[in-house]
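**Q** Contents of start_37.txt (compact mmCIF, C-alpha atoms) are below:
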# COMPACT_ATOMS: atom_id res chain seq x y z
CA MET A 13 127.92 76.03 -50.10
CA THR A 14 130.48 74.05 -52.13
CA LYS A 15 129.60 72.64 -55.50
CA SER A 16 131.25 69.47 -56.72
CA LYS A 17 132.50 68.87 -60.26
CA VAL A 18 132.77 65.68 -62.28
CA PHE A 19 134.67 65.30 -65.55
CA LEU A 20 133.79 62.14 -67.45
CA ARG A 21 136.24 60.79 -70.01
CA SER A 22 134.08 61.93 -72.90
CA GLU A 23 134.22 65.48 -71.50
CA ILE A 24 138.01 65.30 -71.06
CA ASP A 25 138.40 64.18 -74.68
CA ALA A 26 136.18 67.05 -75.85
CA MET A 27 138.01 69.77 -73.87
CA GLU A 28 139.76 72.70 -75.47
CA LYS A 29 143.42 71.62 -75.72
CA ASN A 30 144.97 74.07 -73.24
CA TYR A 31 142.27 73.40 -70.65
CA ARG A 32 142.97 69.65 -70.86
CA VAL A 33 146.75 70.21 -70.72
CA ASN A 34 146.42 72.33 -67.56
CA LEU A 35 143.97 69.91 -65.92
CA ILE A 36 145.82 66.66 -66.65
CA ASN A 37 149.25 68.13 -65.92
CA SER A 38 148.12 69.29 -62.49
CA ILE A 39 145.84 66.44 -61.47
CA HIS A 40 148.31 64.11 -59.73
CA GLY A 41 149.74 66.70 -57.33
CA PHE A 42 153.09 68.24 -56.51
CA LYS A 43 156.33 67.64 -58.37
CA SER A 44 160.02 68.21 -57.90
CA ALA A 45 161.63 71.38 -59.26
CA ASN A 46 165.08 70.99 -60.81
CA LEU A 47 167.37 72.51 -63.40
CA ILE A 48 169.34 70.12 -65.60
CA GLY A 49 172.70 71.42 -66.80
CA THR A 50 174.61 70.04 -69.79
CA ARG A 51 177.42 71.12 -72.09
CA SER A 52 177.45 70.29 -75.78
CA ILE A 53 180.49 68.74 -77.46
CA HIS A 54 181.00 72.22 -78.97
CA GLY A 55 181.22 73.71 -75.47
CA ILE A 56 177.81 75.43 -75.31
CA GLU A 57 176.31 75.27 -71.83
CA ASN A 58 172.63 74.40 -71.68
CA LEU A 59 170.21 74.73 -68.77
CA ALA A 60 166.59 73.56 -68.67
CA ILE A 61 163.88 73.27 -66.04
CA PHE A 62 162.29 69.85 -65.40
CA ASN A 63 159.40 69.02 -63.07
CA SER A 64 159.69 65.26 -63.63
CA VAL A 65 162.93 64.32 -61.85
CA MET A 66 162.19 61.19 -59.81
CA HIS A 67 163.68 58.46 -57.70
CA ILE A 68 164.47 55.24 -59.55
CA GLY A 69 166.64 53.29 -57.11
CA ALA A 70 168.99 53.71 -54.15
CA ASN A 71 171.60 51.01 -54.78
CA PRO A 72 173.00 51.78 -57.27
CA PRO A 73 171.78 55.37 -56.84
CA LEU A 74 169.58 55.97 -59.91
CA ILE A 75 167.62 59.09 -60.79
CA GLY A 76 165.23 59.61 -63.71
CA PHE A 77 163.36 62.30 -65.61
CA ILE A 78 160.78 62.34 -68.38
CA GLN A 79 161.62 63.85 -71.76
CA ARG A 80 158.53 64.71 -73.78
CA PRO A 81 158.68 64.48 -77.57
CA ALA A 82 157.46 68.05 -78.15
CA SER A 83 159.67 69.56 -75.46
CA VAL A 84 161.72 72.64 -76.19
CA ASN A 85 164.40 71.14 -73.96
CA ARG A 86 165.75 68.76 -76.58
CA HIS A 87 169.27 70.11 -76.14
CA THR A 88 169.41 68.54 -72.70
CA LEU A 89 168.87 65.05 -74.07
CA GLU A 90 171.15 65.57 -77.08
CA ASN A 91 173.99 66.87 -74.92
CA LEU A 92 173.77 64.26 -72.19
CA MET A 93 173.70 61.44 -74.72
CA GLU A 94 176.69 62.88 -76.59
CA THR A 95 178.80 63.56 -73.52
CA GLY A 96 177.33 61.02 -71.08
CA PHE A 97 177.06 63.56 -68.27
CA TYR A 98 174.62 66.06 -66.77
CA THR A 99 173.82 67.83 -63.53
CA ILE A 100 170.57 68.09 -61.56
CA ASN A 101 170.18 71.19 -59.38
CA ALA A 102 167.39 71.93 -56.89
CA ILE A 103 165.48 75.18 -57.46
CA ARG A 104 165.25 77.58 -54.52
CA GLU A 105 162.54 80.13 -53.92
CA ASP A 106 164.68 83.04 -55.11
CA MET A 107 165.46 81.26 -58.41
CA ILE A 108 161.94 80.46 -59.63
CA GLU A 109 161.61 83.26 -62.17
CA GLN A 110 165.02 82.61 -63.75
CA SER A 111 164.38 78.86 -63.69
CA HIS A 112 161.00 79.18 -65.42
CA GLN A 113 162.61 81.42 -68.04
CA THR A 114 165.04 78.62 -69.06
CA ALA A 115 162.07 77.02 -70.86
CA ALA A 116 162.10 79.77 -73.50
CA ARG A 117 163.10 78.70 -77.00
CA TYR A 118 166.37 80.59 -77.36
CA PRO A 119 168.22 80.79 -80.68
CA GLU A 120 170.71 78.01 -81.43
CA GLY A 121 174.00 78.67 -79.66
CA LYS A 122 172.53 80.95 -76.96
CA SER A 123 173.10 79.56 -73.46
CA GLU A 124 170.22 79.70 -70.98
CA PHE A 125 172.83 80.43 -68.29
CA GLU A 126 173.70 83.67 -70.07
CA ALA A 127 170.06 84.48 -70.87
CA THR A 128 168.83 84.02 -67.30
CA GLN A 129 171.96 85.13 -65.41
CA LEU A 130 172.13 81.85 -63.51
CA THR A 131 175.77 80.98 -62.84
CA PRO A 132 177.48 77.93 -64.38
CA ILE A 133 180.05 76.43 -62.01
CA TYR A 134 182.22 73.33 -62.25
CA HIS A 135 183.19 70.83 -59.54
CA ASP A 136 186.38 68.80 -59.87
CA ASP A 137 186.70 67.51 -63.44
CA PHE A 138 182.99 66.83 -64.02
CA LYS A 139 182.14 67.69 -67.64
CA ALA A 140 178.72 69.36 -67.12
CA PRO A 141 177.93 72.70 -65.46
CA PHE A 142 176.21 72.96 -62.08
CA VAL A 143 174.01 75.92 -61.09
CA GLY A 144 175.88 78.07 -58.62
CA GLU A 145 172.71 79.45 -57.00
CA SER A 146 171.40 75.97 -56.13
CA HIS A 147 172.16 74.59 -52.67
CA LEU A 148 171.82 70.94 -53.79
CA GLN A 149 173.73 69.93 -56.91
CA ILE A 150 173.93 66.38 -58.28
CA ALA A 151 176.47 65.02 -60.79
CA VAL A 152 174.84 62.38 -63.00
CA LYS A 153 176.14 59.88 -65.57
CA TRP A 154 173.69 58.76 -68.24
CA VAL A 155 172.66 55.10 -68.10
CA GLU A 156 169.74 54.48 -70.46
CA ASN A 157 166.62 55.83 -72.15
CA ILE A 158 163.39 53.90 -71.71
CA ARG A 159 160.68 54.46 -74.32
CA ILE A 160 157.14 54.81 -72.98
CA MET A 161 155.20 53.64 -76.00
CA SER A 162 151.76 54.83 -74.77
CA ASN A 163 152.76 58.38 -75.33
CA ASP A 164 156.09 58.48 -77.14
CA THR A 165 157.90 59.92 -74.12
CA ILE A 166 161.30 58.87 -72.83
CA LEU A 167 162.31 58.08 -69.26
CA VAL A 168 165.98 59.08 -69.02
CA VAL A 169 167.82 57.16 -66.29
CA GLY A 170 171.18 58.15 -64.83
CA GLU A 171 173.53 57.15 -62.03
CA ILE A 172 174.36 59.64 -59.29
CA MET A 173 178.14 60.21 -59.27
CA ALA A 174 178.38 62.91 -56.57
CA ILE A 175 176.20 65.15 -54.41
CA TYR A 176 177.13 68.72 -53.40
CA LEU A 177 175.25 70.35 -50.51
CA ARG A 178 175.84 74.02 -49.67
CA ASN A 179 175.08 73.48 -45.99
CA GLU A 180 175.42 70.16 -44.22
CA GLU A 181 172.80 71.21 -41.67
CA VAL A 182 170.02 70.32 -44.12
CA LEU A 183 170.92 66.64 -43.61
CA SER A 184 169.16 64.68 -40.88
CA ASN A 185 171.25 62.15 -38.95
CA ASP A 186 169.74 59.31 -41.01
CA GLY A 187 170.56 60.80 -44.42
CA PHE A 188 167.19 62.48 -45.07
CA ILE A 189 167.49 65.84 -46.86
CA ASN A 190 165.31 68.68 -45.55
CA HIS A 191 164.47 70.54 -48.73
CA GLU A 192 162.37 73.14 -46.93
CA GLN A 193 165.47 74.27 -45.01
CA MET A 194 167.08 75.16 -48.36
CA ASN A 195 163.91 76.98 -49.47
CA ASN A 196 163.66 74.49 -52.33
CA VAL A 197 160.30 74.66 -54.09
CA ALA A 198 157.67 72.27 -55.43
CA ILE A 199 155.89 72.63 -58.77
CA SER A 200 152.31 71.94 -59.76
CA GLY A 201 151.17 71.76 -63.36
CA LEU A 202 153.49 73.43 -65.85
CA ASP A 203 153.98 76.81 -64.29
CA SER A 204 153.13 77.07 -60.56
CA TYR A 205 155.69 77.23 -57.78
CA TYR A 206 155.19 76.52 -54.07
CA LYS A 207 157.10 76.89 -50.86
CA THR A 208 156.59 74.10 -48.35
CA GLN A 209 156.22 73.69 -44.62
CA LYS A 210 156.85 70.36 -42.89
CA LEU A 211 153.79 68.82 -41.23
CA ALA A 212 155.26 65.55 -39.94
CA ARG A 213 157.74 62.79 -40.51
CA PHE A 214 156.38 59.38 -39.51
CA SER A 215 157.98 56.12 -38.38
CA TYR A 216 157.78 52.98 -40.53
CA ALA A 217 154.16 51.75 -40.57
CA LYS A 218 153.39 48.44 -38.86
CA PRO A 219 150.04 46.72 -38.25
CA ASP A 220 148.55 47.34 -34.80
CA LYS A 221 151.15 49.91 -33.88
CA ASN A 222 150.61 53.66 -33.68
CA LEU A 223 152.82 55.85 -35.85
CA GLU A 224 155.41 57.99 -34.14
CA GLN A 225 156.74 61.32 -35.34
CA ILE A 226 160.46 61.11 -36.06
CA MET B 16 179.14 79.80 -40.56
CA THR B 17 177.71 77.15 -42.87
CA LYS B 18 179.69 74.06 -43.71
CA SER B 19 179.24 72.36 -47.06
CA LYS B 20 179.06 68.62 -47.62
CA VAL B 21 180.14 66.49 -50.57
CA PHE B 22 179.22 62.84 -51.11
CA LEU B 23 181.32 61.14 -53.76
CA ARG B 24 179.98 58.02 -55.44
CA SER B 25 182.41 55.79 -53.55
CA GLU B 26 181.02 57.21 -50.29
CA ILE B 27 177.43 56.66 -51.40
CA ASP B 28 178.22 53.04 -52.25
CA ALA B 29 179.83 52.54 -48.83
CA MET B 30 176.96 54.07 -46.84
CA GLU B 31 174.96 52.16 -44.27
CA LYS B 32 171.87 50.96 -46.18
CA ASN B 33 169.20 53.03 -44.42
CA TYR B 34 171.27 56.21 -44.65
CA ARG B 35 171.62 55.72 -48.42
CA VAL B 36 167.91 54.90 -48.80
CA ASN B 37 166.91 58.11 -46.99
CA LEU B 38 169.44 60.25 -48.87
CA ILE B 39 168.71 58.97 -52.39
CA ASN B 40 164.94 58.84 -51.87
CA SER B 41 164.88 62.47 -50.77
CA ILE B 42 167.50 63.95 -53.09
CA HIS B 43 165.38 64.93 -56.10
CA GLY B 44 162.80 66.95 -54.16
CA PHE B 45 159.05 66.96 -53.55
CA LYS B 46 156.63 64.30 -54.74
CA SER B 47 152.91 63.83 -55.12
CA ALA B 48 150.91 62.19 -52.32
CA ASN B 49 148.18 59.80 -53.39
CA LEU B 50 146.27 56.74 -52.22
CA ILE B 51 145.57 54.05 -54.79
CA GLY B 52 142.36 52.06 -54.25
CA THR B 53 141.65 48.65 -55.77
CA ARG B 54 139.29 45.74 -55.18
CA SER B 55 140.39 42.15 -55.66
CA ILE B 56 138.34 39.70 -57.73
CA HIS B 57 137.34 38.22 -54.35
CA GLY B 58 135.90 41.57 -53.28
CA ILE B 59 138.61 42.64 -50.82
CA GLU B 60 139.22 46.38 -50.93
CA ASN B 61 142.86 47.46 -50.91
CA LEU B 62 144.35 50.89 -50.27
CA ALA B 63 148.00 51.89 -50.54
CA ILE B 64 149.98 55.11 -50.41
CA PHE B 65 152.18 56.04 -53.39
CA ASN B 66 154.53 59.01 -53.72
CA SER B 67 155.36 58.28 -57.37
CA VAL B 68 152.15 59.15 -59.22
CA MET B 69 153.15 61.22 -62.24
CA HIS B 70 151.94 62.81 -65.43
CA ILE B 71 152.47 60.72 -68.57
CA GLY B 72 150.34 62.45 -71.19
CA ALA B 73 147.33 64.73 -71.64
CA ASN B 74 145.70 63.38 -74.82
CA PRO B 75 144.80 60.63 -74.18
CA PRO B 76 144.94 61.46 -70.44
CA LEU B 77 147.59 59.08 -69.07
CA ILE B 78 148.83 58.83 -65.50
CA GLY B 79 151.63 56.63 -64.14
CA PHE B 80 153.15 55.35 -60.93
CA ILE B 81 156.23 53.34 -60.01
CA GLN B 82 155.86 49.91 -58.44
CA ARG B 83 159.04 48.75 -56.70
CA PRO B 84 159.88 45.07 -56.61
CA ALA B 85 160.22 44.90 -52.82
CA SER B 86 157.14 46.99 -52.13
CA VAL B 87 154.59 45.82 -49.59
CA ASN B 88 151.94 47.26 -51.89
CA ARG B 89 151.92 44.32 -54.28
CA HIS B 90 148.16 43.87 -53.84
CA THR B 91 147.61 47.12 -55.70
CA LEU B 92 149.34 45.83 -58.82
CA GLU B 93 147.78 42.35 -58.58
CA ASN B 94 144.28 43.76 -58.22
CA LEU B 95 144.48 46.37 -60.93
CA MET B 96 145.89 43.87 -63.41
CA GLU B 97 143.17 41.35 -62.56
CA THR B 98 140.28 43.79 -62.69
CA GLY B 99 141.71 46.43 -65.02
CA PHE B 100 140.65 49.32 -62.76
CA TYR B 101 141.94 51.45 -59.89
CA THR B 102 141.45 54.84 -58.29
CA ILE B 103 143.96 57.58 -57.44
CA ASN B 104 143.00 59.86 -54.54
CA ALA B 105 144.83 63.02 -53.40
CA ILE B 106 145.92 63.05 -49.74
CA ARG B 107 144.81 66.01 -47.63
CA GLU B 108 146.55 67.36 -44.56
CA ASP B 109 144.08 65.74 -42.16
CA MET B 110 144.61 62.29 -43.77
CA ILE B 111 148.41 62.00 -43.59
CA GLU B 112 148.61 59.71 -40.57
CA GLN B 113 145.98 57.28 -41.86
CA SER B 114 147.50 57.41 -45.34
CA HIS B 115 151.01 56.63 -44.06
CA GLN B 116 149.57 53.73 -42.05
CA THR B 117 148.25 52.05 -45.24
CA ALA B 118 151.87 51.03 -45.91
CA ALA B 119 151.79 48.54 -43.01
CA ARG B 120 151.97 44.88 -43.99
CA TYR B 121 148.49 43.74 -42.89
CA PRO B 122 147.52 40.06 -42.85
CA GLU B 123 146.09 38.61 -46.08
CA GLY B 124 142.40 39.50 -46.38
CA LYS B 125 142.55 42.55 -44.09
CA SER B 126 141.53 45.75 -45.87
CA GLU B 127 143.58 48.89 -45.27
CA PHE B 128 140.32 50.85 -45.44
CA GLU B 129 139.10 49.00 -42.35
CA ALA B 130 142.48 49.17 -40.62
CA THR B 131 142.90 52.93 -41.09
CA GLN B 132 139.22 53.98 -40.95
CA LEU B 133 139.45 55.68 -44.32
CA THR B 134 136.11 55.37 -46.12
CA PRO B 135 135.65 53.36 -49.35
CA ILE B 136 133.06 54.93 -51.61
CA TYR B 137 131.88 54.08 -55.13
CA HIS B 138 130.95 56.37 -58.00
CA ASP B 139 128.56 55.18 -60.70
CA ASP B 140 129.44 51.62 -61.71
CA PHE B 141 133.24 51.98 -61.40
CA LYS B 142 134.70 48.74 -60.04
CA ALA B 143 137.33 50.15 -57.66
CA PRO B 144 136.83 52.05 -54.39
CA PHE B 145 137.56 55.77 -54.03
CA VAL B 146 138.62 57.38 -50.74
CA GLY B 147 135.72 59.36 -49.33
CA GLU B 148 137.96 61.76 -47.39
CA SER B 149 139.86 62.83 -50.53
CA HIS B 150 138.66 65.94 -52.36
CA LEU B 151 140.18 64.84 -55.68
CA GLN B 152 139.42 61.31 -56.85
CA ILE B 153 140.44 59.84 -60.20
CA ALA B 154 139.02 56.72 -61.89
CA VAL B 155 141.76 54.94 -63.85
CA LYS B 156 141.81 52.06 -66.34
CA TRP B 157 145.03 50.07 -66.58
CA VAL B 158 146.89 50.37 -69.90
CA GLU B 159 150.35 48.82 -69.57
CA ASN B 160 153.33 48.03 -67.37
CA ILE B 161 156.72 49.23 -68.49
CA ARG B 162 159.74 47.43 -67.09
CA ILE B 163 162.65 49.65 -66.01
CA MET B 164 165.51 47.19 -66.38
CA SER B 165 168.12 49.28 -64.53
CA ASN B 166 166.42 48.56 -61.26
CA ASP B 167 163.72 45.96 -61.81
CA THR B 168 160.93 48.46 -61.13
CA ILE B 169 157.71 48.81 -63.09
CA LEU B 170 156.09 51.99 -64.41
CA VAL B 171 152.35 51.29 -64.35
CA VAL B 172 150.46 53.41 -66.90
CA GLY B 173 146.71 53.98 -66.89
CA GLU B 174 144.09 56.06 -68.68
CA ILE B 175 142.02 58.57 -66.73
CA MET B 176 138.32 57.63 -67.08
CA ALA B 177 136.76 60.24 -64.78
CA ILE B 178 137.72 62.96 -62.29
CA TYR B 179 135.69 63.80 -59.15
CA LEU B 180 136.33 67.12 -57.40
CA ARG B 181 134.64 67.88 -54.08
CA ASN B 182 134.62 71.60 -54.74
CA GLU B 183 134.70 73.14 -58.21
CA GLU B 184 136.27 76.31 -56.79
CA VAL B 185 139.70 74.63 -56.75
CA LEU B 186 139.68 74.79 -60.58
CA SER B 187 141.18 77.82 -62.31
CA ASN B 188 139.40 79.09 -65.42
CA ASP B 189 142.01 77.42 -67.61
CA GLY B 190 141.71 73.94 -66.06
CA PHE B 191 144.59 74.21 -63.57
CA ILE B 192 143.88 72.50 -60.22
CA ASN B 193 144.86 74.43 -57.08
CA HIS B 194 145.95 71.61 -54.78
CA GLU B 195 146.82 73.96 -51.94
CA GLN B 196 143.17 75.05 -51.77
CA MET B 197 142.23 71.42 -50.98
CA ASN B 198 145.01 71.23 -48.38
CA ASN B 199 146.57 68.45 -50.44
CA VAL B 200 150.09 67.62 -49.30
CA ALA B 201 153.48 66.94 -50.86
CA ILE B 202 155.87 64.16 -49.78
CA SER B 203 159.64 64.11 -49.48
CA GLY B 204 161.60 60.92 -49.05
CA LEU B 205 159.61 57.96 -47.78
CA ASP B 206 157.91 59.45 -44.78
CA SER B 207 157.74 63.27 -44.66
CA TYR B 208 154.63 65.31 -45.38
CA TYR B 209 154.40 69.00 -46.28
CA LYS B 210 151.74 71.63 -46.69
CA THR B 211 152.32 74.11 -49.49
CA GLN B 212 151.88 77.78 -50.15
CA LYS B 213 151.74 79.20 -53.66
CA LEU B 214 154.58 81.55 -54.57
CA ALA B 215 153.75 82.32 -58.20
CA ARG B 216 152.26 81.06 -61.43
CA PHE B 217 154.17 82.29 -64.47
CA SER B 218 153.25 82.88 -68.10
CA TYR B 219 154.76 80.75 -70.89
CA ALA B 220 158.46 81.62 -71.20
CA LYS B 221 159.64 83.36 -74.37
CA PRO B 222 163.06 84.76 -75.28
CA ASP B 223 163.49 88.50 -74.63
CA LYS B 224 160.13 88.81 -72.88
CA ASN B 225 159.63 89.23 -69.13
CA LEU B 226 157.53 86.62 -67.36
CA GLU B 227 154.13 87.70 -66.08
CA GLN B 228 152.33 86.28 -63.08
CA ILE B 229 149.07 84.62 -64.10
Reformat the file's structure so that it appears as structure tokens.
**A**
Amino acid sequence: MTKSKVFLRSEIDAMEKNYRVNLINSIHGFKSANLIGTRSIHGIENLAIFNSVMHIGANPPLIGFIQRPASVNRHTLENLMETGFYTINAIREDMIEQSHQTAARYPEGKSEFEATQLTPIYHDDFKAPFVGESHLQIAVKWVENIRIMSNDTILVVGEIMAIYLRNEEVLSNDGFINHEQMNNVAISGLDSYYKTQKLARFSYAKPDKNLEQI
Amino acid sequence: MTKSKVFLRSEIDAMEKNYRVNLINSIHGFKSANLIGTRSIHGIENLAIFNSVMHIGANPPLIGFIQRPASVNRHTLENLMETGFYTINAIREDMIEQSHQTAARYPEGKSEFEATQLTPIYHDDFKAPFVGESHLQIAVKWVENIRIMSNDTILVVGEIMAIYLRNEEVLSNDGFINHEQMNNVAISGLDSYYKTQKLARFSYAKPDKNLEQI
């Protein structure tokens, strides 16, 4: 016998803070799981986990992420604004513990690469470090920060400059990337990691026409 | 023998349009899968799938989604701005085909609820329809639209007014929602649906302390 549960707004407002944080951070569903790599103008490599990397546009290829005001990952934003460059790296199943650990508040000058034993690598002359263990690495150039006044958060928007895939077989013929073939994970809430299994890929929806699996 | 693949920016810019759309829409990883329900001031119920619903803030509880300029889901934005209210409903595994079909461009006045046989239901006196088949339904009040100039898209921000869970057992003791227990799905790209399996939930990361599974 299942029992339903309703939370009215007055109850949400009255919740103990951590309960509300867990509930509201997990309510909308699954999120992407990426590590953002930067290097400060003093040469210190920084690495931070983000669950908010999102699509902004395809042409030009724009990618965004949300920076919260209270985040411990401030170095990411400082570095990418100073240098103009950062990397976005997909998190695989065997990297989740190290990736989660990048959120720790390390002393100034300590690199999360060193602390977590994830490997900084460089491609061509791009000025920010990629994560060697990731099978999907993106070189990004900073474009703009958009202030979300409702909550004093920042949407950081960048242009994709290059994409590095470990194995071309994860690409479908039409450009679609099969993340599950790389064992890339999804996140829910602030701290939960998931593997995925494809159910279906559907054709473009049209009225009075049945969907096909593609 | 795996073969790697690099896309430089010049190659991305030169891609055939659909290839680029599929690549750039799938590059950042998994997304949430939700149906947004609205009712026009003329009483027509609208339902549209969105893969961009995201966390904005916990106190007050704010939730956002991206509206693209060329989207066929314009009715959603029109209705919620006219009435001030909308619902966000998690998509379960057995709803993916109907949910994908809501993206079809139906004739003016035709409700996607009717077209897809998903069931509009109402809770209390809330003015927008929820999706009966969803096990996680959120009542939302519109707050503001934020223009993302880089790409002429809009981030629509709303306040959570109530949360309806079919089964309270999906809630952890600390407020975290276990989407996989509802069979809620994740999306990748524009058209691919995934079931998930939990790998781990980790404790808050601290320097020089090993993570624990919680």
**Q** Just how far from atom CA of Leu205 of chain B is atom CA of Asn37 of chain B, in Å to one decimal?
**A**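 Separation between atom CA of Asn37 of chain B and atom CA of Leu205 of chain B: 7.3 Å.
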**Q** Restricting the calculation to all atoms listed in the file: of A:Ser22, A:Gln193, A:Gln149, A:Gln113, which residue gets closest to chain B?
**A**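 Closest candidate: A:Gln113.
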**Q** What's around segment 187-189 of chain A at 7 Å? Count only C-alpha atoms, leave out sequence neighbours fewer than 2 positions away in its own chain, and write the answer as a list in words.
**A** Val182, Leu183, Ser184, Asn185 and His191 of chain A; Tyr34, Arg35, Asn37, Leu38, Ser41 and Ile42 of chain B
**Q** Restricting the output to C-alpha atoms, write the selected residues as a PDB file, in the frame of the given file.
**A**
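Below you can see again_10.pdb, which holds the result:
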ATOM      1  CA  VAL A 182     170.020  70.320 -44.120  1.00  0.00           C
ATOM      2  CA  LEU A 183     170.920  66.640 -43.610  1.00  0.00           C
ATOM      3  CA  SER A 184     169.160  64.680 -40.880  1.00  0.00           C
ATOM      4  CA  ASN A 185     171.250  62.150 -38.950  1.00  0.00           C
ATOM      5  CA  HIS A 191     164.470  70.540 -48.730  1.00  0.00           C
TER       6      HIS A 191
ATOM      7  CA  TYR B  34     171.270  56.210 -44.650  1.00  0.00           C
ATOM      8  CA  ARG B  35     171.620  55.720 -48.420  1.00  0.00           C
ATOM      9  CA  ASN B  37     166.910  58.110 -46.990  1.00  0.00           C
ATOM     10  CA  LEU B  38     169.440  60.250 -48.870  1.00  0.00           C
ATOM     11  CA  SER B  41     164.880  62.470 -50.770  1.00  0.00           C
ATOM     12  CA  ILE B  42     167.500  63.950 -53.090  1.00  0.00           C
TER      13      ILE B  42
END
**Q** Report as a Markdown table the residues of segment 36-90 of chain B within 12 Å of segment 203-223 of chain A, each with its shortest atom pair and distance in Å (one decimal), using all atoms listed in the file, ordered by chain and increasing residue number.
**A**
| residue | atom | partner | partner_atom | distance |
| --- | --- | --- | --- | --- |
| B:Gly44 | CA | A:Thr208 | CA | 11.1 |
| B:Phe45 | CA | A:Thr208 | CA | 9.2 |
| B:Lys46 | CA | A:Thr208 | CA | 11.7 |
| B:Ala63 | CA | A:Ala217 | CA | 11.7 |
| B:Ile64 | CA | A:Ala217 | CA | 11.2 |
| B:Val87 | CA | A:Ala217 | CA | 10.8 |
**Q** Pick the closest to Glu124 of chain A from A:Arg104, A:Met173, A:Ile166, A:His87: which is it, counting all atoms listed in the file?
**A** A:His87
**Q** Mind listing whatever residues come within 10 Å of the point (138.6, 61.5, -59.9)? Use all atoms listed in the file, file coordinates, and give them as an MDAnalysis selection string.
**A** (chainID A and resid 17:20 39) or (chainID B and resid 102:105 138 145 149:155 175:181)
**Q** Find, counting all atoms listed in the file, the residue in B:Thr53, B:Thr91, B:Asn61, B:Gln82 that gets nearest to chain A.
**A**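 Result for the nearest residue to chain A: B:Gln82.
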**Q** Rank nothing, just name the residue among B:His70, B:Lys156, B:Lys125, B:His57 nearest to chain A, using all atoms listed in the file.
**A**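 The shortest atom-to-atom distance to chain A comes from B:His70.
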**Q** Could you work out how far atom CA of Gly170 of chain A lies from atom CA of Asn63 of chain A, giving the answer in Å with one decimal?
**A**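 Pair atom CA of Asn63 of chain A / atom CA of Gly170 of chain A returns 16.1 Å.
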**Q** Could you tell me how far atom CA of Gly69 of chain A sits from atom CA of Lys32 of chain B, in Å to one decimal place?
**A**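 For atom CA of Lys32 of chain B relative to atom CA of Gly69 of chain A, the distance reads 12.3 Å.
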**Q** Which residue is closest to chain B? Choose from A:Asn195, A:Ser123, A:Asn179, A:Ser64 and count all atoms listed in the file.
**A**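 Of A:Asn195, A:Ser123, A:Asn179, A:Ser64, the one nearest chain B, counting all atoms listed in the file, is A:Asn179.
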**Q** Please define a box with edges along x, y and z of the file around all atoms of segment 162-177 of chain A given in the file, extend it by 8 Å on each side, and return its centre and edge lengths in Å to one decimal, as lines of an AutoDock Vina configuration file.
**A**
center_x = 165.1
center_y = 62.6
center_z = -63.8
size_x = 42.6
size_y = 31.5
size_z = 42.6
**Q** Near segment 126-133 of chain A, counting only C-alpha atoms, which residues have an atom at most 6 Å away, once you skip same-chain residues fewer than 6 positions from it, shown as a list in words?
**A**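 My reading of the contact set: Gln110, Pro141, Phe142, Val143 and Gly144 of chain A.
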**Q** Identify which of the residues A:Asn37, A:Ser16, A:Asn30, A:Ser44 lies closest to Gly201 of chain A, counting all atoms listed in the file when measuring atom-to-atom distances.
**A**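 The answer is A:Asn37, which sits nearest to Gly201 of chain A.
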